[in-house]
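Trainee: Dropping the structure in here first, questions after.
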Amino acid sequence: MDRSRVKDLLAAEAPRDAVLVQGWVRTKRDAKGFSFIEINDGSTVKGVQVIADASLPNYDTEIHHLRTGAAVEVTGELVASRGGGQSFEIVAKSVLVHGNAGEDFPLQKKGHSLEFLRSIAHLRPRANLFGCVFRVRSRLAYAIHRFFQERGFVHVHTPIITASDCEGAGEMFRVTTLDGAALAAGKDAEDFFGKPTYLTVSGQLEGETFACALSNIYTFGPTFRAENSNTSRHAAEFWMIEPEMAFCDLEGDMDLAETMIKHLVADALENCADDLEFFGRFVDKELRARLEFVRDRPFERVSYTEAVEILRASGRPFEFPVEYGHNLQSEHERYLTEERFQCPVTVYNYPKEIKPFYMRQNDDDKTVAAMDLLVPGIGEIVGGSQREERLDRLAGNLARHGLGEAEYGWYLDLRRHGSVPHAGFGLGFERLLMFVTGVANIRDVIPFPRVPGWAEF
Ligand code: 4AD
Ligand code: MG
């Protein structure tokens with residue numbers, strides 16, 4: 001007999017003589033002569049109810065002793081449920097106990113804190129909230145590939161170990177086989193790759209070389225930042241989606257980012273309804289309304305200069321003063337998207353001093369063709385730009401940022417041979433998940449979070 005998923009049994013249209021389910025016990029309740037066992041297999045947040053009669057041969061020896069967390073395999077008949085709350089239940093013909101759970105199994109009916117769950121590897125994925133989060137994560141990863149593949153973008157696997165610092169912020173993890181003494185003595189030539197290498201902070205520069213041949217590409221992989229910011233929105237290891245489009249300007253870049261966010265939100269609403277309902281009940285009551293709004297309504301766009309004026313005119317006592325030429329802080333981003341516009345906002349044309357070397361300089365000589373897409377509750381979810389395609393300007397930028405032509409010559413070559421206007425962006429996958437699930441801490445939307453001081457499991 002083939003195994004049925006709990007999700008499919010709960011959605012069944014008719015009773016069935018014989019079904020097989022495999023899963024973990026959520027709860028067990030004993031009545032006179034039988035037990036109710038709720039089983040979950042991770043296919044949906046709900047469990048299926050199994051009725052195990054005391055006449056089953058292993059009732060006294062095993063079934064009666066089942067605890068929350070036990071792994072079981074049940075065969076039986078799928079019948080219309082007599083109790084409320086679910087359409088079908090299983091009357092067991094056999095209950096095979098693969099592994100009971102210990103008396104100290106820590107998952108109780110009442111919820112544990114997310115911090116507590118983070119510290120217990122075997123438990124966390126079995127908690128309802130995390131089951132929902134990681135089903136949505138899986139679905140959205142699939143939806144992202146579909147989104148690009150259906151539009152003819154080529155998936156490029158950019159390297160995880162790299163010698164270039166794309167963002168120029170010096171927040172890289174060094175990858176080395178040198179010991180401490182050799183490192184301190186600067187013996188880089190003796191290192192594994194013959195020079196200093198790092199975990200990538202972005203696949204963009206490598207992505208550009210492929211976009212300038214295959215036209216539209218995207219990357220989707222892990223990225224690493226050794227920034228010591230212990231916030232709810234920063235992780236040291238996170239996943240980024242980076243499309244890059246040749247023959248594209250900032251306008252086209254912003255269009256793609258908005259279209260993509262809308263598309264992904266719509267996909268989650270359509271395909272993760274049970275999980276979103278769970279978040280709506282236990283995490284954020286407004287979630288569904290907000291996601292539908294984002295799916296259906298246009299986003300706003302303002303230039304950085306306009307954004308600064310709006311923030312100044314707000315009369316808000318921000319912790320960080322608003323000044324032209326400074327980065328927008330999270331509190332500023334959230335004011336714009338949550339209060340002033342009450343919808344996602346793309347801020348574009350930032351002062352060149354606060355942006356990386358690769359962004360295209362605008363004619364005003366002050367700003368670059370950068371854009372950040374901000375969403376309520378989080379702030380920046382996408383960062384991107386049109387790239388500087390003019391050789392002399394790019395060479396000047398590299399020099400100004402103290403980046404050597406020796407290391408970036410390969411990147412400059414793209415401007416020497418068939419240079420073309422091109423643009424792209426990076427979408428932070430975990431930030432997207434925070435937005436779609438309403439979960440407030442980035443650590444709770446990634447299977448194994450890595451943040452300063454924490455790399456368990
Ligand atoms: O704005 P960022 O730094 O842009 C880039 O890396 C560009 N090279 C992207 C490109 O144009 N191809 O990062 C892009 C996005 C941010 O908007 C944010 O969503 C996410 O990556 N991000 C982080 N997410 C989690 N933890 C961190 N420490 C993050 N840093 C950036
Ligand atoms: Mg950014």
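In the structure tokens, the first chain shown is A, the next is B, and so on; residue numbers restart at 1 for each chain, and ligands run from 1 in the order shown.
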So that I can see what lies close to region 186-194 of chain A, please list as a PyMOL selection string the residues with an atom at most 7 Å from it, counting only C-alpha atoms and leaving out residues fewer than 4 positions away in the same chain.

Mentor: chain A and resi 176-178+182

Trainee: Go ahead and save the picked residues with N, CA, C and O atoms, as a CSV table (one decimal), in the first residue's frame.

Mentor:
```csv
chain,number,residue,atom,x,y,z
A,176,THR,N,40.9,30.3,4.5
A,176,THR,CA,42.3,30.1,4.4
A,176,THR,C,42.7,28.8,4.9
A,176,THR,O,42.1,28.2,5.8
A,177,THR,N,43.9,28.3,4.4
A,177,THR,CA,44.5,27.1,5.0
A,177,THR,C,45.8,27.4,5.8
A,177,THR,O,46.4,26.6,6.3
A,178,LEU,N,46.0,28.7,5.8
A,178,LEU,CA,47.2,29.2,6.6
A,178,LEU,C,47.0,29.1,8.1
A,178,LEU,O,45.8,29.3,8.5
A,182,ALA,N,51.3,32.2,10.0
A,182,ALA,CA,51.5,32.5,8.6
A,182,ALA,C,50.6,33.6,8.1
A,182,ALA,O,51.0,34.5,7.4
```

Trainee: Show me, as CSV, the residues of chain A having an atom within 7 Å of ligand 2, each with the closest atom pair and its distance in Å, using only C-alpha atoms and all ligand atoms.

Mentor:
```
residue,atom,partner,partner_atom_place_in_ligand_line,distance
A:Asp372,CA,ligand 2,1 (Mg),6.6
A:Glu380,CA,ligand 2,1 (Mg),7.0
A:Val382,CA,ligand 2,1 (Mg),7.0
A:Gly383,CA,ligand 2,1 (Mg),4.5
```

Trainee: Using only C-alpha atoms and all ligand atoms, determine which residues fall within 7 Å of ligand 1, then list them as a CSV table (one decimal) with C-alpha atoms, in the first residue's frame.

Mentor:
```csv
chain,number,residue,atom,x,y,z
A,166,CYS,CA,31.7,43.1,-4.4
A,167,GLU,CA,30.2,45.5,-1.9
A,201,VAL,CA,29.1,38.6,-0.1
A,202,SER,CA,27.4,38.7,-3.5
A,203,GLY,CA,27.5,36.9,-6.8
A,204,GLN,CA,26.9,40.1,-8.7
A,225,ARG,CA,28.7,38.8,5.7
A,227,GLU,CA,29.0,42.4,9.8
A,233,ARG,CA,17.2,41.5,10.1
A,234,HIS,CA,20.8,40.5,9.7
A,235,ALA,CA,22.4,37.1,9.4
A,236,ALA,CA,26.0,36.1,8.8
A,237,GLU,CA,24.9,33.5,6.3
A,238,PHE,CA,21.8,34.3,4.2
A,240,MET,CA,20.3,36.0,-2.0
A,242,GLU,CA,20.5,38.3,-7.9
A,243,PRO,CA,19.1,38.8,-11.4
A,244,GLU,CA,21.2,40.7,-13.9
A,372,ASP,CA,16.3,50.0,-2.6
A,380,GLU,CA,15.1,47.1,2.8
A,381,ILE,CA,14.3,43.8,1.1
A,382,VAL,CA,15.9,44.5,-2.3
A,383,GLY,CA,19.0,46.5,-3.1
A,384,GLY,CA,20.1,47.0,-6.7
A,385,SER,CA,21.3,49.4,-9.4
A,424,GLY,CA,20.3,44.0,-11.5
A,425,PHE,CA,19.4,43.7,-7.9
A,426,GLY,CA,19.7,41.4,-4.9
A,427,LEU,CA,16.6,40.1,-3.0
A,428,GLY,CA,17.3,38.9,0.5
A,429,PHE,CA,15.5,35.6,0.6
A,430,GLU,CA,15.1,35.6,4.4
A,431,ARG,CA,13.8,39.2,4.4
```

Trainee: With the cut-off set at 9 Å and counting only C-alpha atoms, tabulate each residue of region 345-420 of chain A with an atom at most that distance from an atom of region 210-222 of chain A, showing the nearest atom pair and its distance in Å to one decimal, ordered by chain and increasing number, as JSON lines.

Mentor:
```
{"residue": "A:Leu414", "atom": "CA", "partner": "A:Cys212", "partner_atom": "CA", "distance": 7.5}
{"residue": "A:Gly418", "atom": "CA", "partner": "A:Cys212", "partner_atom": "CA", "distance": 8.1}
{"residue": "A:Ser419", "atom": "CA", "partner": "A:Cys212", "partner_atom": "CA", "distance": 7.8}
{"residue": "A:Val420", "atom": "CA", "partner": "A:Cys212", "partner_atom": "CA", "distance": 7.5}
```

Trainee: Mind checking DSSP for region 391-454 of chain A and telling me the strand (DSSP E) residues as number ranges by chain?

Mentor: A: 422-428

Trainee: For Leu96 (chain A), please output as a PyMOL selection string all residues within 8 Å (counting only C-alpha atoms; exclusion window: fewer than 2 positions along the same chain).

Mentor: chain A and resi 72-74+94+98

Trainee: Set the distance at 9 Å and use only C-alpha atoms: which residues neighbour Phe134 (chain A) once local chain neighbours fewer than 3 positions away are removed? I'd like the list as a list in words.

Mentor: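 My reading of the contact set: Pro125, Leu129, Phe130, Gly131, Arg137, Ser138, Arg139, Val445, Ile446 and Pro447 of chain A.
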
Trainee: Using only all heavy atoms, please write the residues we just selected to a file, as a CSV table (one decimal), in the first residue's frame.

Mentor:
```csv
chain,number,residue,atom,x,y,z
A,125,PRO,N,12.1,21.8,14.0
A,125,PRO,CA,11.3,21.6,12.7
A,125,PRO,C,10.0,20.9,13.0
A,125,PRO,O,9.1,21.0,12.2
A,125,PRO,CB,12.2,20.6,11.9
A,125,PRO,CG,13.6,20.7,12.5
A,125,PRO,CD,13.4,21.0,14.0
A,129,LEU,N,5.0,26.3,14.1
A,129,LEU,CA,5.5,27.5,13.4
A,129,LEU,C,6.6,27.2,12.4
A,129,LEU,O,6.6,27.7,11.3
A,129,LEU,CB,6.0,28.5,14.4
A,129,LEU,CG,6.4,29.8,13.7
A,129,LEU,CD1,5.4,30.9,13.9
A,129,LEU,CD2,7.8,30.3,14.2
A,130,PHE,N,7.5,26.4,12.8
A,130,PHE,CA,8.7,26.1,11.9
A,130,PHE,C,8.3,25.3,10.7
A,130,PHE,O,8.8,25.4,9.6
A,130,PHE,CB,9.9,25.6,12.7
A,130,PHE,CG,10.4,26.6,13.6
A,130,PHE,CD1,10.2,26.6,14.9
A,130,PHE,CD2,11.2,27.7,13.1
A,130,PHE,CE1,10.7,27.5,15.8
A,130,PHE,CE2,11.7,28.6,13.9
A,130,PHE,CZ,11.4,28.6,15.3
A,131,GLY,N,7.4,24.3,10.9
A,131,GLY,CA,6.8,23.6,9.8
A,131,GLY,C,6.3,24.5,8.8
A,131,GLY,O,6.5,24.4,7.6
A,137,ARG,N,9.1,28.5,2.8
A,137,ARG,CA,10.5,28.8,2.3
A,137,ARG,C,10.7,27.9,1.0
A,137,ARG,O,11.2,28.4,0.0
A,137,ARG,CB,11.5,28.5,3.4
A,137,ARG,CG,12.9,28.9,2.9
A,137,ARG,CD,13.9,28.6,4.0
A,137,ARG,NE,15.3,28.8,3.4
A,137,ARG,CZ,16.1,29.8,3.7
A,137,ARG,NH1,15.9,30.7,4.7
A,137,ARG,NH2,17.3,29.9,3.1
A,138,SER,N,10.3,26.6,1.1
A,138,SER,CA,10.5,25.7,0.0
A,138,SER,C,9.7,26.1,-1.2
A,138,SER,O,10.2,26.2,-2.3
A,138,SER,CB,10.1,24.3,0.5
A,138,SER,OG,10.0,23.4,-0.6
A,139,ARG,N,8.4,26.5,-0.9
A,139,ARG,CA,7.5,26.9,-2.0
A,139,ARG,C,8.1,28.2,-2.7
A,139,ARG,O,8.1,28.2,-4.0
A,139,ARG,CB,6.1,27.2,-1.5
A,139,ARG,CG,5.2,27.7,-2.5
A,139,ARG,CD,4.8,26.7,-3.6
A,139,ARG,NE,4.5,27.4,-4.8
A,139,ARG,CZ,4.0,26.8,-5.9
A,139,ARG,NH1,3.8,25.5,-5.9
A,139,ARG,NH2,3.8,27.5,-7.0
A,445,VAL,N,13.5,32.2,10.2
A,445,VAL,CA,13.1,31.8,8.8
A,445,VAL,C,14.2,31.1,8.1
A,445,VAL,O,14.1,30.9,6.9
A,445,VAL,CB,12.6,33.0,8.0
A,445,VAL,CG1,11.3,33.6,8.7
A,445,VAL,CG2,13.6,34.1,7.9
A,446,ILE,N,15.3,30.8,8.8
A,446,ILE,CA,16.4,30.1,8.1
A,446,ILE,C,16.7,28.8,8.9
A,446,ILE,O,16.6,28.8,10.2
A,446,ILE,CB,17.7,31.0,8.0
A,446,ILE,CG1,18.8,30.3,7.2
A,446,ILE,CG2,18.2,31.4,9.4
A,446,ILE,CD1,19.8,31.3,6.6
A,447,PRO,N,16.9,27.7,8.2
A,447,PRO,CA,16.9,26.4,9.0
A,447,PRO,C,18.0,26.4,10.1
A,447,PRO,O,17.7,25.9,11.2
A,447,PRO,CB,17.3,25.4,7.9
A,447,PRO,CG,16.7,26.0,6.6
A,447,PRO,CD,16.9,27.4,6.8
```

Trainee: Please compute the CA of Pro57 (chain A)-CA of Thr75 (chain A) distance, one decimal, in Å.

Mentor: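 Separation between CA of Pro57 (chain A) and CA of Thr75 (chain A): 13.7 Å.
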
Trainee: Restricting the calculation to only C-alpha atoms: of A:Lys285, A:Asn441, A:Ser164, A:Glu300, which residue gets closest to Leu205 (chain A)?

Mentor: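 Going through A:Lys285, A:Asn441, A:Ser164, A:Glu300 one by one, the smallest distance to Leu205 (chain A) is for A:Ser164.
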
Trainee: Quick one: pull the distance between CA of Val294 (chain A) and CA of Lys262 (chain A), Å, one decimal.

Mentor: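 Spanning CA of Val294 (chain A) to CA of Lys262 (chain A) is a straight-line distance of 6.5 Å.
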
Trainee: Give the helix (DSSP H, G or I) residues of region 151-363 of chain A, as DSSP finds them on the backbone, and put them as a count of residues only.

Mentor: 85

Trainee: To one decimal place, how far is CA of Arg312 (chain A) from CA of Glu333 (chain A) in Å?

Mentor: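 Here the two named atoms are 12.9 Å from each other.
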
Trainee: Which is closer to Ser330 (chain A) than all the others in A:Thr158, A:Leu403, A:Ser232, A:Gln22, using only C-alpha atoms?

Mentor: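 Smallest distance to Ser330 (chain A) is found for A:Ser232.
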
Trainee: Just the residues within 9 Å of Gln329 (chain A), please, counting only C-alpha atoms, with nothing from its chain fewer than 4 positions along; format it as a ChimeraX atom specification.

Mentor: /A:320,322,333-334,379

Trainee: Write out as a ChimeraX atom specification the residues lying within 9 Å of Glu456 (chain A), counting only C-alpha atoms and excluding same-chain residues fewer than 4 positions away.

Mentor: /A:119,121,448-450

Trainee: Based on the selection just made, write N, CA and C atoms of those residues as an mmCIF file, in the first residue's frame.

Mentor:
```
data_model
loop_
_atom_site.group_PDB
_atom_site.id
_atom_site.type_symbol
_atom_site.label_atom_id
_atom_site.label_comp_id
_atom_site.auth_asym_id
_atom_site.auth_seq_id
_atom_site.Cartn_x
_atom_site.Cartn_y
_atom_site.Cartn_z
ATOM 1 N N SER A 119 17.479 26.394 20.028
ATOM 2 C CA SER A 119 18.620 25.726 20.645
ATOM 3 C C SER A 119 18.458 24.206 20.645
ATOM 4 N N ALA A 121 17.895 21.143 18.150
ATOM 5 C CA ALA A 121 17.834 20.824 16.718
ATOM 6 C C ALA A 121 16.708 19.849 16.377
ATOM 7 N N PHE A 448 19.176 26.842 9.787
ATOM 8 C CA PHE A 448 20.230 26.845 10.807
ATOM 9 C C PHE A 448 20.876 28.224 10.849
ATOM 10 N N PRO A 449 20.356 29.112 11.674
ATOM 11 C CA PRO A 449 20.846 30.489 11.637
ATOM 12 C C PRO A 449 22.307 30.617 12.044
ATOM 13 N N ARG A 450 23.016 31.487 11.358
ATOM 14 C CA ARG A 450 24.387 31.856 11.727
ATOM 15 C C ARG A 450 24.439 33.356 11.934
#
```

Trainee: Please provide the set of residues having any atom within 10 Å of Lys28 (chain A), restricted to only C-alpha atoms, with same-chain residues fewer than 2 positions apart removed, written as a VMD selection string.

Mentor: chain A and resid 25 to 26 30 to 31 35 to 39 49 to 51 63 to 68
